Amino acid sequence: MSAAIETATATALEERRRRAAAAWGGQPDLVLIGSGDPISIAGCGDQVYEFMAHPEYVYLTDDVEPGALLAFDPQSGWQHFVPPVTQAERVWEGLTQRAGTPLTELAGWLAARRGRPIVTLGARLPGVASDVTRTVESRRALAQVRRAKDAIEVERMRHAARATAVGYAAARPHIRTGNTERAIAIELEAGFRRGGGDRVAYGTIVGAGSNAAVLHFMPTARTLSANDVVLIDAGAEVRRYCADVTRTYPAGGAFEGFARDLFELVHAVERETLARCVVGSRWRDIHLAAALQILDGLARLGIVKGTADALLEQGVHTLFFPHGIGHMVGLGVRDVGPDLPRLAVQAPPHLMVRIDLTLEPGDTVTVEPGIYFIPALLDDTDKRREYVDAVHWSRVDALRSFGGIRIEDNVHVTAAGPEVLTEMIPVL
């Protein structure tokens with residue numbers, strides 16, 4: 001890391017901590033933010049799962065130290081407690097002692113503040129009793145602070161996007177008949193690392209043919225056939241910041257017939273949705289606009305019958321588009337969305353959203369429209385009865401093995417308009 005980047009990162013950390021302290025309101029609470037501890041793999045001796053420090057700890061330390069803890073006292077400021085490095089860790093793992101206050105001094109730090117309310121964030125801290133209500137409030141306040149990405153965060157997301165682009169470029173020539181889902185995933189993930197990624201941001205999804213209709217499908221040894229669509233949902237991670245990208249490709253070299261029409265529909269929905277990601281837009285409105293566009297397109301393709309508005313009111317779109325239009329992404333593939341308060345307004349019917357917010361400058365979100373033919377939904381007798389007059393069931397049943405098409409990009413919302421962080425990855 002260059003001296004300039006180190007200075008910028010230190011400045012960003014100082015500002016994050018200042019904003020977090022202000023959001024907590026200067027109350028007398030002590031705030032303890034744990035990084036977490038490695039988890040042993042049962043029956044595997046000294047092996048542990050790959051350690052991932054809690055994102056709240058990472059955000060305020062830019063560190064990933066196992067067993068560490070960041071403490072905040074509004075009267076005395078911040079203190080970073082780090083565990084001592086053992087001789088075994090020096091020998092077996094080559095670790096050196098991190099800068100910070102020895103973790104053995106935490107007990108004395110707490111004793112000197114006995115009787116003060118404690119808020120615990122980050123990973124669970126065994127043996128530390130916290131004020132449950134204040135902890136929930138403090139987590140929500142920190143989530144609001146974390147929501148707008150600073151320049152360091154956005155640049156790491158751009159870096160993750162560039163690494164992801166290398167992976168998709170490496171995988172693309174391997175999407176051909178006779179190859180397997182797993183072989184494609186291998187080339188993809190190797191490309192992420194060659195492009196500068198630290199790891200995959202989440203479990204790689206590669207689904208061919210009917211497997212493309214499984215929203216979180218893990219790649220198998222299935223071989224690709226000429227008429228298969230191949231859905232890939234994967235991204236690289238850089239310094240804990242993620243890219244989350246989906247592309248759908250033809251195994252036979254080009255989309256034809258219905259597959260081409262469906263791809264063009266999903267692509268059109270994605271383009272228009274990306275353009276709607278502007279400051280002041282409500283996420284639920286963005287989602288509903290995409291659902292209406294999908295229904296209108298499915299009606300033109302002879303899949304559903306009726307007006308898009310009427311079909312939306314019935315919830316017909318959820319048969320073919322059963323997830324939200326996107327979610328927050330950044331320090332983790334799901335980032336802070338679940339901890340942010342939702343708008344206190346009655347939701348429209350059949351609203352499938354992970355976040356219900358008005359977009360603000362600095363938000364980073366995914367946009368991921370998709371249309372699928374999912375047997376678990378299409379075989380639901382209640383749904384077939386409810387939508388008997390809204391769906392061309394004979395047409396749909398003939399497409400049961402088709403799979404699905406999804407296209408996904410990541411957007412940074414700015415006052416000047418949406419910045420598509422992943423636009424360098426070709427859609428086809």
# chains A, B, ... in the order shown; residues from 1 in each chain; ligands from 1
$ residues_around --residues "stretch 62-67 of chain A" --least-positions-apart "5" --cutoff "10 Å" --atoms "only C-alpha atoms" --output "PDB file with all heavy atoms, in the first residue's frame"
ATOM      1  N   THR A   9      -6.567   6.199   3.856  1.00  0.00           N
ATOM      2  CA  THR A   9      -7.298   5.207   4.646  1.00  0.00           C
ATOM      3  C   THR A   9      -7.379   5.634   6.101  1.00  0.00           C
ATOM      4  O   THR A   9      -8.437   5.515   6.740  1.00  0.00           O
ATOM      5  CB  THR A   9      -6.616   3.833   4.529  1.00  0.00           C
ATOM      6  OG1 THR A   9      -6.568   3.447   3.148  1.00  0.00           O
ATOM      7  CG2 THR A   9      -7.379   2.783   5.316  1.00  0.00           C
ATOM      8  N   ALA A  10      -6.257   6.122   6.656  1.00  0.00           N
ATOM      9  CA  ALA A  10      -6.259   6.589   8.051  1.00  0.00           C
ATOM     10  C   ALA A  10      -7.234   7.743   8.231  1.00  0.00           C
ATOM     11  O   ALA A  10      -7.965   7.813   9.238  1.00  0.00           O
ATOM     12  CB  ALA A  10      -4.846   7.007   8.457  1.00  0.00           C
ATOM     13  N   ALA A  12      -9.919   8.310   6.395  1.00  0.00           N
ATOM     14  CA  ALA A  12     -11.268   7.758   6.282  1.00  0.00           C
ATOM     15  C   ALA A  12     -11.687   7.069   7.577  1.00  0.00           C
ATOM     16  O   ALA A  12     -12.830   7.221   8.032  1.00  0.00           O
ATOM     17  CB  ALA A  12     -11.325   6.774   5.116  1.00  0.00           C
ATOM     18  N   LEU A  13     -10.774   6.325   8.201  1.00  0.00           N
ATOM     19  CA  LEU A  13     -11.095   5.653   9.464  1.00  0.00           C
ATOM     20  C   LEU A  13     -11.411   6.669  10.557  1.00  0.00           C
ATOM     21  O   LEU A  13     -12.345   6.480  11.349  1.00  0.00           O
ATOM     22  CB  LEU A  13      -9.921   4.773   9.905  1.00  0.00           C
ATOM     23  CG  LEU A  13      -9.827   3.387   9.288  1.00  0.00           C
ATOM     24  CD1 LEU A  13      -8.568   2.685   9.764  1.00  0.00           C
ATOM     25  CD2 LEU A  13     -11.051   2.559   9.649  1.00  0.00           C
ATOM     26  N   GLY A  34     -16.547  -6.539  18.555  1.00  0.00           N
ATOM     27  CA  GLY A  34     -15.672  -7.685  18.427  1.00  0.00           C
ATOM     28  C   GLY A  34     -15.448  -8.104  16.984  1.00  0.00           C
ATOM     29  O   GLY A  34     -16.353  -8.022  16.149  1.00  0.00           O
ATOM     30  N   SER A  35     -14.240  -8.562  16.682  1.00  0.00           N
ATOM     31  CA  SER A  35     -13.948  -9.052  15.337  1.00  0.00           C
ATOM     32  C   SER A  35     -14.450 -10.476  15.137  1.00  0.00           C
ATOM     33  O   SER A  35     -14.789 -10.871  14.020  1.00  0.00           O
ATOM     34  CB  SER A  35     -12.445  -9.007  15.063  1.00  0.00           C
ATOM     35  OG  SER A  35     -11.756  -9.975  15.838  1.00  0.00           O
ATOM     36  N   GLY A  36     -14.506 -11.265  16.231  1.00  0.00           N
ATOM     37  CA  GLY A  36     -14.909 -12.662  16.134  1.00  0.00           C
ATOM     38  C   GLY A  36     -13.708 -13.587  16.278  1.00  0.00           C
ATOM     39  O   GLY A  36     -12.550 -13.150  16.325  1.00  0.00           O
ATOM     40  N   ASP A  37     -13.990 -14.879  16.361  1.00  0.00           N
ATOM     41  CA  ASP A  37     -12.949 -15.887  16.533  1.00  0.00           C
ATOM     42  C   ASP A  37     -13.072 -16.955  15.457  1.00  0.00           C
ATOM     43  O   ASP A  37     -14.176 -17.227  14.963  1.00  0.00           O
ATOM     44  CB  ASP A  37     -13.078 -16.544  17.912  1.00  0.00           C
ATOM     45  CG  ASP A  37     -12.798 -15.560  19.037  1.00  0.00           C
ATOM     46  OD1 ASP A  37     -11.675 -15.036  19.084  1.00  0.00           O
ATOM     47  OD2 ASP A  37     -13.711 -15.321  19.855  1.00  0.00           O
ATOM     48  N   PRO A  38     -11.964 -17.584  15.087  1.00  0.00           N
ATOM     49  CA  PRO A  38     -12.028 -18.678  14.122  1.00  0.00           C
ATOM     50  C   PRO A  38     -12.912 -19.810  14.639  1.00  0.00           C
ATOM     51  O   PRO A  38     -13.013 -20.040  15.845  1.00  0.00           O
ATOM     52  CB  PRO A  38     -10.570 -19.132  14.000  1.00  0.00           C
ATOM     53  CG  PRO A  38      -9.763 -17.951  14.456  1.00  0.00           C
ATOM     54  CD  PRO A  38     -10.587 -17.289  15.510  1.00  0.00           C
ATOM     55  N   PHE A  51     -11.348 -17.436   8.252  1.00  0.00           N
ATOM     56  CA  PHE A  51     -11.859 -16.419   9.182  1.00  0.00           C
ATOM     57  C   PHE A  51     -12.329 -15.176   8.433  1.00  0.00           C
ATOM     58  O   PHE A  51     -11.649 -14.687   7.529  1.00  0.00           O
ATOM     59  CB  PHE A  51     -10.775 -16.025  10.189  1.00  0.00           C
ATOM     60  CG  PHE A  51     -11.220 -14.947  11.133  1.00  0.00           C
ATOM     61  CD1 PHE A  51     -12.161 -15.212  12.108  1.00  0.00           C
ATOM     62  CD2 PHE A  51     -10.726 -13.664  11.011  1.00  0.00           C
ATOM     63  CE1 PHE A  51     -12.595 -14.217  12.977  1.00  0.00           C
ATOM     64  CE2 PHE A  51     -11.149 -12.651  11.872  1.00  0.00           C
ATOM     65  CZ  PHE A  51     -12.093 -12.937  12.855  1.00  0.00           C
ATOM     66  N   MET A  52     -13.491 -14.692   8.827  1.00  0.00           N
ATOM     67  CA  MET A  52     -14.042 -13.454   8.269  1.00  0.00           C
ATOM     68  C   MET A  52     -14.427 -12.552   9.441  1.00  0.00           C
ATOM     69  O   MET A  52     -15.390 -12.832  10.164  1.00  0.00           O
ATOM     70  CB  MET A  52     -15.283 -13.761   7.423  1.00  0.00           C
ATOM     71  CG  MET A  52     -15.029 -14.710   6.264  1.00  0.00           C
ATOM     72  SD  MET A  52     -14.212 -13.904   4.884  1.00  0.00           S
ATOM     73  CE  MET A  52     -15.579 -12.988   4.181  1.00  0.00           C
ATOM     74  N   ALA A  53     -13.664 -11.510   9.678  1.00  0.00           N
ATOM     75  CA  ALA A  53     -13.979 -10.590  10.767  1.00  0.00           C
ATOM     76  C   ALA A  53     -15.330  -9.931  10.536  1.00  0.00           C
ATOM     77  O   ALA A  53     -15.748  -9.708   9.393  1.00  0.00           O
ATOM     78  CB  ALA A  53     -12.884  -9.531  10.889  1.00  0.00           C
ATOM     79  N   HIS A  54     -16.016  -9.610  11.620  1.00  0.00           N
ATOM     80  CA  HIS A  54     -17.338  -8.989  11.508  1.00  0.00           C
ATOM     81  C   HIS A  54     -17.229  -7.648  10.780  1.00  0.00           C
ATOM     82  O   HIS A  54     -16.315  -6.858  11.052  1.00  0.00           O
ATOM     83  CB  HIS A  54     -17.939  -8.783  12.901  1.00  0.00           C
ATOM     84  CG  HIS A  54     -19.401  -8.508  12.879  1.00  0.00           C
ATOM     85  ND1 HIS A  54     -19.925  -7.302  12.477  1.00  0.00           N
ATOM     86  CD2 HIS A  54     -20.470  -9.296  13.193  1.00  0.00           C
ATOM     87  CE1 HIS A  54     -21.247  -7.347  12.555  1.00  0.00           C
ATOM     88  NE2 HIS A  54     -21.603  -8.548  12.984  1.00  0.00           N
ATOM     89  N   PRO A  55     -18.153  -7.364   9.855  1.00  0.00           N
ATOM     90  CA  PRO A  55     -18.028  -6.126   9.066  1.00  0.00           C
ATOM     91  C   PRO A  55     -18.083  -4.847   9.897  1.00  0.00           C
ATOM     92  O   PRO A  55     -17.477  -3.837   9.504  1.00  0.00           O
ATOM     93  CB  PRO A  55     -19.197  -6.209   8.074  1.00  0.00           C
ATOM     94  CG  PRO A  55     -20.101  -7.277   8.590  1.00  0.00           C
ATOM     95  CD  PRO A  55     -19.255  -8.212   9.369  1.00  0.00           C
ATOM     96  N   GLU A  56     -18.786  -4.840  11.023  1.00  0.00           N
ATOM     97  CA  GLU A  56     -18.806  -3.627  11.849  1.00  0.00           C
ATOM     98  C   GLU A  56     -17.415  -3.342  12.412  1.00  0.00           C
ATOM     99  O   GLU A  56     -16.997  -2.174  12.503  1.00  0.00           O
ATOM    100  CB  GLU A  56     -19.836  -3.778  12.971  1.00  0.00           C
ATOM    101  CG  GLU A  56     -21.265  -3.779  12.443  1.00  0.00           C
ATOM    102  CD  GLU A  56     -22.306  -4.144  13.490  1.00  0.00           C
ATOM    103  OE1 GLU A  56     -21.942  -4.766  14.515  1.00  0.00           O
ATOM    104  OE2 GLU A  56     -23.484  -3.825  13.281  1.00  0.00           O
ATOM    105  N   TYR A  57     -16.698  -4.390  12.776  1.00  0.00           N
ATOM    106  CA  TYR A  57     -15.328  -4.241  13.252  1.00  0.00           C
ATOM    107  C   TYR A  57     -14.419  -3.797  12.107  1.00  0.00           C
ATOM    108  O   TYR A  57     -13.598  -2.882  12.255  1.00  0.00           O
ATOM    109  CB  TYR A  57     -14.851  -5.561  13.861  1.00  0.00           C
ATOM    110  CG  TYR A  57     -13.370  -5.618  14.157  1.00  0.00           C
ATOM    111  CD1 TYR A  57     -12.865  -5.124  15.354  1.00  0.00           C
ATOM    112  CD2 TYR A  57     -12.479  -6.166  13.237  1.00  0.00           C
ATOM    113  CE1 TYR A  57     -11.500  -5.171  15.624  1.00  0.00           C
ATOM    114  CE2 TYR A  57     -11.122  -6.219  13.495  1.00  0.00           C
ATOM    115  CZ  TYR A  57     -10.631  -5.719  14.693  1.00  0.00           C
ATOM    116  OH  TYR A  57      -9.292  -5.758  14.951  1.00  0.00           O
ATOM    117  N   PHE A  81      -8.027  -3.262  21.213  1.00  0.00           N
ATOM    118  CA  PHE A  81      -7.424  -4.348  21.980  1.00  0.00           C
ATOM    119  C   PHE A  81      -7.118  -5.516  21.038  1.00  0.00           C
ATOM    120  O   PHE A  81      -7.989  -5.960  20.277  1.00  0.00           O
ATOM    121  CB  PHE A  81      -8.373  -4.819  23.086  1.00  0.00           C
ATOM    122  CG  PHE A  81      -8.580  -3.808  24.174  1.00  0.00           C
ATOM    123  CD1 PHE A  81      -9.613  -2.876  24.103  1.00  0.00           C
ATOM    124  CD2 PHE A  81      -7.740  -3.768  25.276  1.00  0.00           C
ATOM    125  CE1 PHE A  81      -9.809  -1.945  25.102  1.00  0.00           C
ATOM    126  CE2 PHE A  81      -7.917  -2.837  26.294  1.00  0.00           C
ATOM    127  CZ  PHE A  81      -8.958  -1.915  26.208  1.00  0.00           C
ATOM    128  N   VAL A  82      -5.889  -6.010  21.083  1.00  0.00           N
ATOM    129  CA  VAL A  82      -5.485  -7.100  20.192  1.00  0.00           C
ATOM    130  C   VAL A  82      -4.927  -8.255  21.009  1.00  0.00           C
ATOM    131  O   VAL A  82      -4.277  -8.051  22.040  1.00  0.00           O
ATOM    132  CB  VAL A  82      -4.439  -6.618  19.163  1.00  0.00           C
ATOM    133  CG1 VAL A  82      -5.025  -5.554  18.256  1.00  0.00           C
ATOM    134  CG2 VAL A  82      -3.195  -6.092  19.863  1.00  0.00           C
ATOM    135  N   PRO A  83      -5.169  -9.486  20.570  1.00  0.00           N
ATOM    136  CA  PRO A  83      -4.678 -10.650  21.315  1.00  0.00           C
ATOM    137  C   PRO A  83      -3.174 -10.820  21.136  1.00  0.00           C
ATOM    138  O   PRO A  83      -2.611 -10.427  20.108  1.00  0.00           O
ATOM    139  CB  PRO A  83      -5.440 -11.818  20.695  1.00  0.00           C
ATOM    140  CG  PRO A  83      -5.743 -11.368  19.308  1.00  0.00           C
ATOM    141  CD  PRO A  83      -5.949  -9.883  19.382  1.00  0.00           C
ATOM    142  N   PRO A  84      -2.514 -11.388  22.136  1.00  0.00           N
ATOM    143  CA  PRO A  84      -1.077 -11.648  21.981  1.00  0.00           C
ATOM    144  C   PRO A  84      -0.837 -12.780  20.988  1.00  0.00           C
ATOM    145  O   PRO A  84      -1.629 -13.719  20.895  1.00  0.00           O
ATOM    146  CB  PRO A  84      -0.650 -12.062  23.394  1.00  0.00           C
ATOM    147  CG  PRO A  84      -1.896 -12.620  24.016  1.00  0.00           C
ATOM    148  CD  PRO A  84      -3.028 -11.826  23.439  1.00  0.00           C
ATOM    149  N   ARG A  98       0.414  -7.601  16.345  1.00  0.00           N
ATOM    150  CA  ARG A  98      -0.244  -6.401  15.820  1.00  0.00           C
ATOM    151  C   ARG A  98      -0.094  -5.245  16.797  1.00  0.00           C
ATOM    152  O   ARG A  98      -0.038  -5.441  18.016  1.00  0.00           O
ATOM    153  CB  ARG A  98      -1.740  -6.670  15.617  1.00  0.00           C
ATOM    154  CG  ARG A  98      -2.056  -7.669  14.525  1.00  0.00           C
ATOM    155  CD  ARG A  98      -2.022  -7.031  13.151  1.00  0.00           C
ATOM    156  NE  ARG A  98      -2.490  -7.940  12.128  1.00  0.00           N
ATOM    157  CZ  ARG A  98      -3.472  -7.680  11.291  1.00  0.00           C
ATOM    158  NH1 ARG A  98      -4.090  -6.523  11.354  1.00  0.00           N
ATOM    159  NH2 ARG A  98      -3.821  -8.544  10.367  1.00  0.00           N
ATOM    160  N   LEU A 103      -4.900  -7.472  24.716  1.00  0.00           N
ATOM    161  CA  LEU A 103      -6.256  -7.863  25.104  1.00  0.00           C
ATOM    162  C   LEU A 103      -6.341  -8.182  26.588  1.00  0.00           C
ATOM    163  O   LEU A 103      -7.411  -8.069  27.194  1.00  0.00           O
ATOM    164  CB  LEU A 103      -6.684  -9.069  24.273  1.00  0.00           C
ATOM    165  CG  LEU A 103      -8.161  -9.472  24.324  1.00  0.00           C
ATOM    166  CD1 LEU A 103      -9.056  -8.338  23.820  1.00  0.00           C
ATOM    167  CD2 LEU A 103      -8.397 -10.729  23.492  1.00  0.00           C
ATOM    168  N   ALA A 123     -18.990  -9.121  16.422  1.00  0.00           N
ATOM    169  CA  ALA A 123     -19.195 -10.515  16.796  1.00  0.00           C
ATOM    170  C   ALA A 123     -19.573 -10.623  18.269  1.00  0.00           C
ATOM    171  O   ALA A 123     -19.244  -9.762  19.089  1.00  0.00           O
ATOM    172  CB  ALA A 123     -17.931 -11.310  16.516  1.00  0.00           C
ATOM    173  N   LEU A 125     -19.649 -11.420  22.098  1.00  0.00           N
ATOM    174  CA  LEU A 125     -18.572 -11.395  23.092  1.00  0.00           C
ATOM    175  C   LEU A 125     -19.015 -12.216  24.298  1.00  0.00           C
ATOM    176  O   LEU A 125     -19.766 -11.730  25.146  1.00  0.00           O
ATOM    177  CB  LEU A 125     -18.266  -9.954  23.503  1.00  0.00           C
ATOM    178  CG  LEU A 125     -17.800  -9.026  22.381  1.00  0.00           C
ATOM    179  CD1 LEU A 125     -17.721  -7.587  22.868  1.00  0.00           C
ATOM    180  CD2 LEU A 125     -16.447  -9.490  21.856  1.00  0.00           C
ATOM    181  N   ARG A 239     -10.233  -6.710  -0.162  1.00  0.00           N
ATOM    182  CA  ARG A 239     -10.180  -6.068   1.169  1.00  0.00           C
ATOM    183  C   ARG A 239     -11.568  -6.036   1.805  1.00  0.00           C
ATOM    184  O   ARG A 239     -11.986  -5.050   2.382  1.00  0.00           O
ATOM    185  CB  ARG A 239      -9.583  -4.668   1.079  1.00  0.00           C
ATOM    186  CG  ARG A 239      -8.140  -4.592   0.569  1.00  0.00           C
ATOM    187  CD  ARG A 239      -7.140  -5.086   1.598  1.00  0.00           C
ATOM    188  NE  ARG A 239      -7.159  -4.305   2.809  1.00  0.00           N
ATOM    189  CZ  ARG A 239      -6.453  -3.206   3.015  1.00  0.00           C
ATOM    190  NH1 ARG A 239      -5.670  -2.735   2.054  1.00  0.00           N
ATOM    191  NH2 ARG A 239      -6.507  -2.566   4.171  1.00  0.00           N
ATOM    192  N   ARG A 240     -12.292  -7.131   1.650  1.00  0.00           N
ATOM    193  CA  ARG A 240     -13.615  -7.366   2.209  1.00  0.00           C
ATOM    194  C   ARG A 240     -14.742  -6.643   1.458  1.00  0.00           C
ATOM    195  O   ARG A 240     -15.915  -6.746   1.837  1.00  0.00           O
ATOM    196  CB  ARG A 240     -13.670  -7.012   3.709  1.00  0.00           C
ATOM    197  CG  ARG A 240     -12.884  -7.962   4.601  1.00  0.00           C
ATOM    198  CD  ARG A 240     -13.398  -9.397   4.537  1.00  0.00           C
ATOM    199  NE  ARG A 240     -14.798  -9.477   4.877  1.00  0.00           N
ATOM    200  CZ  ARG A 240     -15.263  -9.508   6.127  1.00  0.00           C
ATOM    201  NH1 ARG A 240     -14.405  -9.465   7.140  1.00  0.00           N
ATOM    202  NH2 ARG A 240     -16.545  -9.589   6.363  1.00  0.00           N
TER     203      ARG A 240
END
$ residues_around --residues "stretch 272-286 of chain A" --least-positions-apart "3" --cutoff "10 Å" --atoms "only C-alpha atoms" --output "number ranges by chain"
A: 267-269, 289-291, 293, 324-327, 343, 347-348, 351-369, 408-420
$ closest_residue --among "A:Leu377, A:Pro322, A:Leu121, A:Gly43" --to "A:Ala141" --atoms "only C-alpha atoms"
A:Leu121
$ select_by_dssp --residues "stretch 200-348 of chain A" --states "alpha helix (DSSP H)" --output "PyMOL selection string"
chain A and resi 257-275+283-300+308-314+317-320
$ select_by_dssp --residues "stretch 85-306 of chain A" --states "strand (DSSP E or B)" --output "PDB file with C-alpha atoms, in the first residue's frame"
ATOM      1  CA  THR A 101      -3.423  -2.526  23.493  1.00  0.00           C
ATOM      2  CA  PRO A 102      -2.907  -6.103  24.741  1.00  0.00           C
ATOM      3  CA  ILE A 118     -22.452  -1.646  27.680  1.00  0.00           C
ATOM      4  CA  VAL A 119     -23.369  -1.987  24.012  1.00  0.00           C
ATOM      5  CA  THR A 120     -21.890  -4.947  22.130  1.00  0.00           C
ATOM      6  CA  LEU A 121     -21.585  -4.761  18.354  1.00  0.00           C
ATOM      7  CA  GLY A 122     -19.687  -6.871  15.864  1.00  0.00           C
ATOM      8  CA  THR A 180     -19.434 -28.696 -17.171  1.00  0.00           C
ATOM      9  CA  ARG A 199     -11.338 -14.484  -2.634  1.00  0.00           C
ATOM     10  CA  VAL A 200     -14.826 -15.071  -3.987  1.00  0.00           C
ATOM     11  CA  ILE A 205     -23.490 -19.912  -8.814  1.00  0.00           C
ATOM     12  CA  VAL A 206     -23.318 -21.651 -12.191  1.00  0.00           C
ATOM     13  CA  GLY A 207     -26.510 -23.259 -13.474  1.00  0.00           C
ATOM     14  CA  ALA A 208     -27.107 -24.725 -16.934  1.00  0.00           C
ATOM     15  CA  THR A 223     -22.504 -30.963 -18.993  1.00  0.00           C
ATOM     16  CA  VAL A 229     -28.896 -21.151 -21.041  1.00  0.00           C
ATOM     17  CA  VAL A 230     -26.054 -20.813 -18.526  1.00  0.00           C
ATOM     18  CA  LEU A 231     -26.584 -18.486 -15.573  1.00  0.00           C
ATOM     19  CA  ILE A 232     -23.510 -17.345 -13.624  1.00  0.00           C
ATOM     20  CA  ASP A 233     -23.828 -15.284 -10.439  1.00  0.00           C
ATOM     21  CA  ALA A 234     -20.427 -14.619  -8.888  1.00  0.00           C
ATOM     22  CA  ALA A 236     -14.634 -11.179  -6.398  1.00  0.00           C
ATOM     23  CA  GLU A 237     -13.818  -9.629  -3.053  1.00  0.00           C
ATOM     24  CA  VAL A 238     -11.052  -7.087  -2.399  1.00  0.00           C
ATOM     25  CA  TYR A 241     -15.477  -5.259  -0.394  1.00  0.00           C
ATOM     26  CA  CYS A 242     -17.542  -7.171  -2.905  1.00  0.00           C
ATOM     27  CA  VAL A 245     -22.595  -9.840 -10.774  1.00  0.00           C
ATOM     28  CA  THR A 246     -24.868 -12.084 -12.843  1.00  0.00           C
ATOM     29  CA  ARG A 247     -24.652 -12.872 -16.519  1.00  0.00           C
ATOM     30  CA  THR A 248     -26.624 -15.414 -18.565  1.00  0.00           C
ATOM     31  CA  TYR A 249     -25.073 -16.920 -21.670  1.00  0.00           C
ATOM     32  CA  PRO A 250     -26.120 -19.290 -24.453  1.00  0.00           C
ATOM     33  CA  ARG A 282     -37.820   4.999  -3.643  1.00  0.00           C
ATOM     34  CA  VAL A 304     -49.325 -14.243 -19.183  1.00  0.00           C
TER      35      VAL A 304
END
$ closest_residue --among "A:Ala243, A:Ile405, A:Val329, A:Val132" --to "A:Ala213" --atoms "only C-alpha atoms"
A:Ile405
$ closest_residue --among "A:Phe263, A:Leu32, A:Ala21, A:Thr7" --to "A:Pro126" --atoms "only C-alpha atoms"
A:Leu32
$ residues_around --residues "A:Gln314" --least-positions-apart "6" --cutoff "12 Å" --atoms "only C-alpha atoms" --output "list in words"
Leu292, Leu295, Gly306, Thr307, Ala308, Pro348, Pro349, His350, Leu351, Lys383, Glu386, Tyr387, Val388, Asp389, Ala390 and Val391 of chain A
$ write_last_selection --atoms "N, CA and C atoms" --output "mmCIF file, in the first residue's frame"
data_model
loop_
_atom_site.group_PDB
_atom_site.id
_atom_site.type_symbol
_atom_site.label_atom_id
_atom_site.label_comp_id
_atom_site.auth_asym_id
_atom_site.auth_seq_id
_atom_site.Cartn_x
_atom_site.Cartn_y
_atom_site.Cartn_z
ATOM 1 N N LEU A 292 -43.622 -4.400 -13.355
ATOM 2 C CA LEU A 292 -44.579 -4.041 -14.404
ATOM 3 C C LEU A 292 -43.979 -4.265 -15.792
ATOM 4 N N LEU A 295 -43.929 -7.978 -16.517
ATOM 5 C CA LEU A 295 -45.261 -8.496 -16.844
ATOM 6 C C LEU A 295 -45.693 -8.079 -18.248
ATOM 7 N N GLY A 306 -53.452 -10.392 -19.822
ATOM 8 C CA GLY A 306 -54.042 -9.313 -19.043
ATOM 9 C C GLY A 306 -53.132 -8.109 -19.050
ATOM 10 N N THR A 307 -53.584 -7.027 -18.410
ATOM 11 C CA THR A 307 -52.759 -5.830 -18.332
ATOM 12 C C THR A 307 -51.728 -5.984 -17.220
ATOM 13 N N ALA A 308 -50.600 -5.319 -17.395
ATOM 14 C CA ALA A 308 -49.536 -5.424 -16.397
ATOM 15 C C ALA A 308 -50.017 -4.950 -15.028
ATOM 16 N N PRO A 348 -47.240 -1.942 -0.851
ATOM 17 C CA PRO A 348 -48.146 -2.461 -1.888
ATOM 18 C C PRO A 348 -48.201 -3.986 -1.805
ATOM 19 N N PRO A 349 -49.195 -4.590 -2.408
ATOM 20 C CA PRO A 349 -49.284 -6.051 -2.362
ATOM 21 C C PRO A 349 -48.132 -6.716 -3.108
ATOM 22 N N HIS A 350 -47.736 -7.866 -2.601
ATOM 23 C CA HIS A 350 -46.732 -8.695 -3.265
ATOM 24 C C HIS A 350 -45.414 -7.950 -3.462
ATOM 25 N N LEU A 351 -45.050 -7.145 -2.470
ATOM 26 C CA LEU A 351 -43.797 -6.398 -2.557
ATOM 27 C C LEU A 351 -42.656 -7.297 -2.088
ATOM 28 N N LYS A 383 -51.361 -21.929 -6.526
ATOM 29 C CA LYS A 383 -51.034 -20.859 -7.469
ATOM 30 C C LYS A 383 -51.669 -21.136 -8.835
ATOM 31 N N GLU A 386 -55.204 -20.148 -8.435
ATOM 32 C CA GLU A 386 -55.373 -18.705 -8.287
ATOM 33 C C GLU A 386 -55.143 -17.969 -9.608
ATOM 34 N N TYR A 387 -54.177 -18.447 -10.392
ATOM 35 C CA TYR A 387 -53.802 -17.748 -11.619
ATOM 36 C C TYR A 387 -54.253 -18.489 -12.872
ATOM 37 N N VAL A 388 -55.336 -19.256 -12.745
ATOM 38 C CA VAL A 388 -55.788 -20.090 -13.865
ATOM 39 C C VAL A 388 -56.097 -19.260 -15.109
ATOM 40 N N ASP A 389 -56.616 -18.052 -14.929
ATOM 41 C CA ASP A 389 -56.987 -17.217 -16.065
ATOM 42 C C ASP A 389 -55.929 -16.163 -16.403
ATOM 43 N N ALA A 390 -54.828 -16.122 -15.641
ATOM 44 C CA ALA A 390 -53.817 -15.085 -15.849
ATOM 45 C C ALA A 390 -52.571 -15.607 -16.535
ATOM 46 N N VAL A 391 -52.435 -16.913 -16.625
ATOM 47 C CA VAL A 391 -51.220 -17.517 -17.172
ATOM 48 C C VAL A 391 -51.599 -18.473 -18.300
#
$ closest_residue --among "A:Glu6, A:Glu105, A:Asp335, A:Asp380" --to "A:Ile152" --atoms "only C-alpha atoms"
A:Glu6
$ residues_around --residues "A:Ala259" --least-positions-apart "5" --cutoff "12 Å" --atoms "only C-alpha atoms" --output "PyMOL selection string"
chain A and resi 209+227-230+248-252+254+264-266+301+371-372+399+402-405
$ atom_distance --atom1 "atom CA of A:Arg16" --atom2 "atom CA of A:Leu60"
6.5 Å
